[in-house]
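Written out below as structure tokens is the structure these notes cover.
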Amino acid sequence: MILHTINKVSALGLCSDLIAEDDKVILLEDGVYLGLQSLPFPIFAIRQDVDARGLGDRLTEQTELIDYSVFVHLSSEADKVCSWF
Amino acid sequence: MNFAIVVHGAPYSSEACLSALKFAKAVLASGHSINRVFFYHDGVHTANNQIAPPQDEAPVSEQWQEFGVGNNIELIACIASCLRRGILDETEADRYEKSGSNLAPGFTISGLGQLIDASINADRVVTFGV
Amino acid sequence: MSTILFVFSRPPHGSINAQEGLDALLMGSAFTTCSVLFVGDGLMQLASGQSTDDLGTKNFSLGFGALKDYGVTRIACSKPDLVARGLNKDDFLIEVESLNAAGMQALIHDHDKVLNF
């Protein structure tokens, strides 16, 4: 399982083909705006970045809000981390 | 688990610098360890001791200094990136005959080999890009 | 020893980032087995015919010719991104494998660590 991080909307185009079924995806920084769209994979979003941008009530149901301790946990569970920006 | 953290963004110009710090703190709070933090590209601006943000803005560079010193974590700023961006320790300031050094406490200027070494030896590498 | 896949996604010259990415790859290949994958606008780093004389900046694309000598194992690019830009491998300075999504996923899986630039 690979953990992908995405920090801006335009970075999705770099990696969407590379996200496998059992991979996990974390949205952070401006990447949390991707949570406004319906994506073909489940996503985690950093809560502080979502709150900073006033997106709390606006994200799709598939977006699970997490904090950095969960980010660390997901990083350690994954085989490796791939950062898209 | 041992983590290497790579930071590409300068304080304020990018959120990467702040996100990386939050991640680094969470790594230690979770009981894991940090191999080193490597600042590359504009990330080296974090190591500038001349940063003086307004009082109501997060002093990210200072927070990194406190984190590094307080937890005995290596904060490495890539020498090539530093020289391009005017972040100098005393040795480099003398070498290039510049008016002064500005490397913040807690940071060390070193080579790309430190990034590669950390990437090889850590269990996980996480990059905070721009 | 851990193997490293470098992923390059930035075009050249618009910032120093692409050049600094290549510096990291060359350093990496001195330590361990490294490969490189070009995606998105990163493919443009490989475009042949780059000339920076009038711009006055460094033409670091010349460094790609040394990748094999430095022992970089696989040099690959995204086939979908190549096609999307109306390019083919003849547009490149060096020989590059073009990979579909499955090939790129396999390349990522085949390396222990990923460094994105």
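Convention: chains lettered A, B, ... in structure tokens order; per-chain residue numbering from 1; ligands numbered from 1 as shown.
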
Please identify every residue of chain A that has at least one atom no farther than 7 Å from an atom of chain B, counting only C-alpha atoms, and for each give the shortest atom pair and the distance in Å to one decimal, arranged by chain then increasing number, as a tab-separated table.
residue	atom	partner	partner_atom	distance
A:Glu29	CA	B:Glu15	CA	6.6
A:Tyr68	CA	B:Phe23	CA	5.8
A:Ser69	CA	B:Ala26	CA	5.2
A:Val72	CA	B:Val27	CA	6.0
A:Ser76	CA	B:Met1	CA	6.9
A:Lys80	CA	B:Arg124	CA	6.2
A:Val81	CA	B:Val126	CA	6.1
A:Ser83	CA	B:Thr127	CA	5.9
A:Phe85	CA	B:Gly129	CA	5.8

Starting from chain C, keep only residues with some atom at most 12 Å from an atom of chain A, counting only C-alpha atoms, and report them as JSON, numbers by chain.
-> {"C": [2, 3, 4, 5, 6, 7, 8, 9, 10, 37, 38, 39, 40, 41, 42, 43, 77, 78, 79, 80, 81, 84, 99, 100, 101, 102, 103, 104, 105, 106, 107, 108, 109, 110, 111, 112, 113, 114, 115, 116, 117]}

Can I get the selected residues back with N, CA and C atoms, as a short mmCIF file (atom, residue, chain, number, x, y, z; two decimals), in the first residue's frame?
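Once written, out-v4.cif looks like this:
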data_model
loop_
_atom_site.label_atom_id
_atom_site.label_comp_id
_atom_site.auth_asym_id
_atom_site.auth_seq_id
_atom_site.Cartn_x
_atom_site.Cartn_y
_atom_site.Cartn_z
N SER C 2 18.49 0.56 0.56
CA SER C 2 17.26 1.08 -0.04
C SER C 2 17.51 1.62 -1.44
N THR C 3 16.61 1.32 -2.34
CA THR C 3 16.66 1.89 -3.69
C THR C 3 15.72 3.09 -3.73
N ILE C 4 16.04 4.05 -4.59
CA ILE C 4 15.26 5.29 -4.62
C ILE C 4 14.74 5.57 -6.02
N LEU C 5 13.47 5.87 -6.13
CA LEU C 5 12.89 6.35 -7.38
C LEU C 5 12.72 7.86 -7.27
N PHE C 6 13.32 8.58 -8.19
CA PHE C 6 13.14 10.02 -8.27
C PHE C 6 12.00 10.30 -9.24
N VAL C 7 11.07 11.14 -8.84
CA VAL C 7 9.95 11.49 -9.72
C VAL C 7 10.05 12.98 -10.00
N PHE C 8 10.18 13.32 -11.28
CA PHE C 8 10.35 14.71 -11.67
C PHE C 8 9.08 15.19 -12.37
N SER C 9 8.47 16.26 -11.84
CA SER C 9 7.20 16.72 -12.40
C SER C 9 7.25 18.18 -12.86
N ARG C 10 8.42 18.83 -12.70
CA ARG C 10 8.50 20.26 -13.03
C ARG C 10 9.16 20.48 -14.37
N LEU C 37 11.62 8.78 -12.94
CA LEU C 37 10.37 8.79 -13.68
C LEU C 37 9.97 10.24 -13.92
N PHE C 38 9.76 10.60 -15.17
CA PHE C 38 9.33 11.95 -15.54
C PHE C 38 7.83 11.92 -15.78
N VAL C 39 7.11 12.81 -15.10
CA VAL C 39 5.66 12.88 -15.27
C VAL C 39 5.24 14.33 -15.50
N GLY C 40 4.04 14.49 -16.07
CA GLY C 40 3.51 15.84 -16.28
C GLY C 40 4.48 16.70 -17.08
N ASP C 41 4.59 17.95 -16.68
CA ASP C 41 5.49 18.87 -17.38
C ASP C 41 6.96 18.51 -17.13
N GLY C 42 7.21 17.60 -16.23
CA GLY C 42 8.58 17.13 -16.00
C GLY C 42 9.17 16.51 -17.26
N LEU C 43 8.31 15.97 -18.13
CA LEU C 43 8.79 15.39 -19.39
C LEU C 43 9.59 16.40 -20.20
N CYS C 77 9.32 7.60 -18.50
CA CYS C 77 8.38 8.72 -18.51
C CYS C 77 6.97 8.18 -18.62
N SER C 78 6.02 9.05 -18.33
CA SER C 78 4.61 8.68 -18.40
C SER C 78 4.16 8.71 -19.86
N LYS C 79 3.70 7.58 -20.35
CA LYS C 79 3.22 7.52 -21.74
C LYS C 79 1.98 8.40 -21.94
N PRO C 80 1.01 8.35 -21.02
CA PRO C 80 -0.16 9.22 -21.21
C PRO C 80 0.22 10.69 -21.27
N ASP C 81 1.19 11.10 -20.44
CA ASP C 81 1.58 12.51 -20.42
C ASP C 81 2.35 12.87 -21.69
N ALA C 84 -0.31 13.19 -24.37
CA ALA C 84 -1.12 14.40 -24.14
C ALA C 84 -0.42 15.66 -24.63
N LEU C 99 6.02 4.52 -20.09
CA LEU C 99 5.25 3.57 -19.31
C LEU C 99 3.79 3.98 -19.21
N ASN C 100 2.92 2.99 -19.27
CA ASN C 100 1.52 3.27 -18.98
C ASN C 100 1.33 3.25 -17.46
N ALA C 101 0.10 3.44 -17.02
CA ALA C 101 -0.15 3.56 -15.58
C ALA C 101 0.35 2.33 -14.82
N ALA C 102 0.07 1.14 -15.36
CA ALA C 102 0.49 -0.08 -14.66
C ALA C 102 2.00 -0.16 -14.56
N GLY C 103 2.68 0.26 -15.63
CA GLY C 103 4.14 0.25 -15.63
C GLY C 103 4.71 1.22 -14.61
N MET C 104 4.07 2.40 -14.51
CA MET C 104 4.55 3.40 -13.54
C MET C 104 4.29 2.92 -12.11
N GLN C 105 3.13 2.31 -11.89
CA GLN C 105 2.83 1.77 -10.56
C GLN C 105 3.86 0.71 -10.19
N ALA C 106 4.20 -0.13 -11.14
CA ALA C 106 5.18 -1.20 -10.88
C ALA C 106 6.55 -0.59 -10.57
N LEU C 107 6.90 0.48 -11.28
CA LEU C 107 8.20 1.14 -11.05
C LEU C 107 8.26 1.71 -9.64
N ILE C 108 7.15 2.31 -9.21
CA ILE C 108 7.09 2.85 -7.85
C ILE C 108 7.22 1.70 -6.84
N HIS C 109 6.51 0.61 -7.09
CA HIS C 109 6.56 -0.53 -6.17
C HIS C 109 7.94 -1.17 -6.10
N ASP C 110 8.66 -1.09 -7.21
CA ASP C 110 9.97 -1.75 -7.29
C ASP C 110 11.06 -1.02 -6.52
N HIS C 111 10.79 0.19 -6.04
CA HIS C 111 11.79 0.95 -5.30
C HIS C 111 11.35 1.12 -3.86
N ASP C 112 12.32 1.22 -2.96
CA ASP C 112 11.99 1.30 -1.53
C ASP C 112 11.49 2.68 -1.13
N LYS C 113 12.05 3.71 -1.73
CA LYS C 113 11.71 5.08 -1.35
C LYS C 113 11.42 5.88 -2.62
N VAL C 114 10.61 6.92 -2.47
CA VAL C 114 10.32 7.84 -3.59
C VAL C 114 10.70 9.25 -3.16
N LEU C 115 11.46 9.93 -4.00
CA LEU C 115 11.75 11.35 -3.76
C LEU C 115 11.13 12.13 -4.91
N ASN C 116 10.19 12.98 -4.57
CA ASN C 116 9.50 13.78 -5.58
C ASN C 116 10.14 15.15 -5.70
N PHE C 117 10.30 15.61 -6.95
CA PHE C 117 10.85 16.95 -7.18
C PHE C 117 9.98 17.69 -8.20
#

Practice problem: Write out as a list in words every residue belonging to chain C that has an atom at most 7 Å from any atom of chain B, counting only C-alpha atoms. | Solution: Met1, Ser2, Asn17, Ala24, Met27, Gly28 and Lys113 of chain C

Go ahead and write the selection's residues with N, CA and C atoms as a PDB file, in the first residue's frame.
ATOM      1  N   MET C   1      20.569  -2.328   0.478  1.00  0.00           N
ATOM      2  CA  MET C   1      20.428  -0.878   0.684  1.00  0.00           C
ATOM      3  C   MET C   1      19.176  -0.384  -0.033  1.00  0.00           C
ATOM      4  N   SER C   2      18.493   0.559   0.555  1.00  0.00           N
ATOM      5  CA  SER C   2      17.257   1.080  -0.045  1.00  0.00           C
ATOM      6  C   SER C   2      17.510   1.624  -1.439  1.00  0.00           C
ATOM      7  N   ASN C  17      14.114  24.437  -9.637  1.00  0.00           N
ATOM      8  CA  ASN C  17      13.750  23.173  -9.000  1.00  0.00           C
ATOM      9  C   ASN C  17      14.096  21.944  -9.837  1.00  0.00           C
ATOM     10  N   ALA C  24      20.111  16.115  -7.203  1.00  0.00           N
ATOM     11  CA  ALA C  24      19.807  15.113  -6.172  1.00  0.00           C
ATOM     12  C   ALA C  24      19.884  13.705  -6.749  1.00  0.00           C
ATOM     13  N   MET C  27      23.505  12.716  -7.172  1.00  0.00           N
ATOM     14  CA  MET C  27      24.073  12.385  -5.865  1.00  0.00           C
ATOM     15  C   MET C  27      23.558  11.030  -5.400  1.00  0.00           C
ATOM     16  N   GLY C  28      22.267  10.809  -5.581  1.00  0.00           N
ATOM     17  CA  GLY C  28      21.658   9.543  -5.160  1.00  0.00           C
ATOM     18  C   GLY C  28      22.317   8.352  -5.822  1.00  0.00           C
ATOM     19  N   LYS C 113      12.051   3.712  -1.733  1.00  0.00           N
ATOM     20  CA  LYS C 113      11.708   5.079  -1.355  1.00  0.00           C
ATOM     21  C   LYS C 113      11.422   5.882  -2.623  1.00  0.00           C
TER      22      LYS C 113
END

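Residues surrounding B:Thr108 within 7 Å are B:Leu75, B:Ile76, B:Ala77 [only C-alpha atoms; sequence separation below 6 positions excluded].
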
Store the residues picked out above in a file with N, CA and C atoms, as a PDB file, in the first residue's frame.
ATOM      1  N   LEU B  75      18.747  19.431  11.661  1.00  0.00           N
ATOM      2  CA  LEU B  75      18.076  20.229  10.630  1.00  0.00           C
ATOM      3  C   LEU B  75      19.163  20.625   9.645  1.00  0.00           C
ATOM      4  N   ILE B  76      19.129  20.028   8.459  1.00  0.00           N
ATOM      5  CA  ILE B  76      20.191  20.267   7.480  1.00  0.00           C
ATOM      6  C   ILE B  76      19.662  21.122   6.344  1.00  0.00           C
ATOM      7  N   ALA B  77      20.385  22.182   6.019  1.00  0.00           N
ATOM      8  CA  ALA B  77      20.033  23.017   4.868  1.00  0.00           C
ATOM      9  C   ALA B  77      21.064  22.729   3.772  1.00  0.00           C
TER      10      ALA B  77
END

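Note that the spacing between atom CA of A:Leu39 and atom CA of C:Leu82 amounts to 23.9 Å.
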
Atom CA of B:Tyr96 to atom CA of B:Gln50 measures 19.1 Å

Using DSSP assignments from the backbone, pull out every residue in chain C that falls under strand (DSSP E) and give it to me as a PyMOL selection string. chain C and resi 4-8+34-38+75-78+97-99+113-116

Can you tell me which residues surround B:Ala47 at a distance of at most 7 Å, considering only C-alpha atoms, apart from same-chain residues fewer than 5 positions away, and format the answer as a VMD selection string? chain B and resid 61 77 103 to 104 107

Just to be explicit: take each residue in the selection above, keep N, CA and C atoms, and write the result as an mmCIF file, in the first residue's frame.
data_model
loop_
_atom_site.group_PDB
_atom_site.id
_atom_site.type_symbol
_atom_site.label_atom_id
_atom_site.label_comp_id
_atom_site.auth_asym_id
_atom_site.auth_seq_id
_atom_site.Cartn_x
_atom_site.Cartn_y
_atom_site.Cartn_z
ATOM 1 N N SER B 61 10.101 29.838 11.349
ATOM 2 C CA SER B 61 11.540 29.556 11.388
ATOM 3 C C SER B 61 11.990 29.335 12.829
ATOM 4 N N ALA B 77 20.385 22.182 6.019
ATOM 5 C CA ALA B 77 20.033 23.017 4.868
ATOM 6 C C ALA B 77 21.064 22.729 3.772
ATOM 7 N N LEU B 103 22.979 32.027 9.288
ATOM 8 C CA LEU B 103 22.408 30.715 9.537
ATOM 9 C C LEU B 103 21.821 30.668 10.944
ATOM 10 N N ALA B 104 20.558 30.262 11.039
ATOM 11 C CA ALA B 104 19.869 30.237 12.337
ATOM 12 C C ALA B 104 20.390 29.102 13.219
ATOM 13 N N PHE B 107 20.407 24.854 12.880
ATOM 14 C CA PHE B 107 20.556 24.406 11.499
ATOM 15 C C PHE B 107 22.021 24.203 11.168
#

message = So, with only C-alpha atoms as the atoms that count, which of C:Thr57, C:Leu46, C:Val36, C:Lys89 lies closest to C:Ser15?
response =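 Nearest candidate to C:Ser15 out of C:Thr57, C:Leu46, C:Val36, C:Lys89: C:Thr57.
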
For this session: Please give the complete set of residues from chain C that DSSP, run on the backbone, assigns to helix (DSSP H, G or I), formatted as a PyMOL selection string.
Result: chain C and resi 17-31+40-46+60-66+79-84+89-91+101-109

Distance atom CA of A:Asn7-atom CA of C:Leu25, one decimal place?
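Interatomic distance here is 22.9 Å.
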
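If only C-alpha atoms are the atoms counted, then among B:Ile109, B:Leu21, B:Ala118, B:Ile73 the closest residue to B:Val44 is B:Ile109.
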
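The list of residues with at least one atom within 10 Å of A:Gly56, based on only C-alpha atoms and without residues fewer than 4 positions apart in the same chain, reads Gly35, Arg47, Gln48, Asp49, Val50, Asp51, Ala52, Thr60 and Leu65 of chain A.
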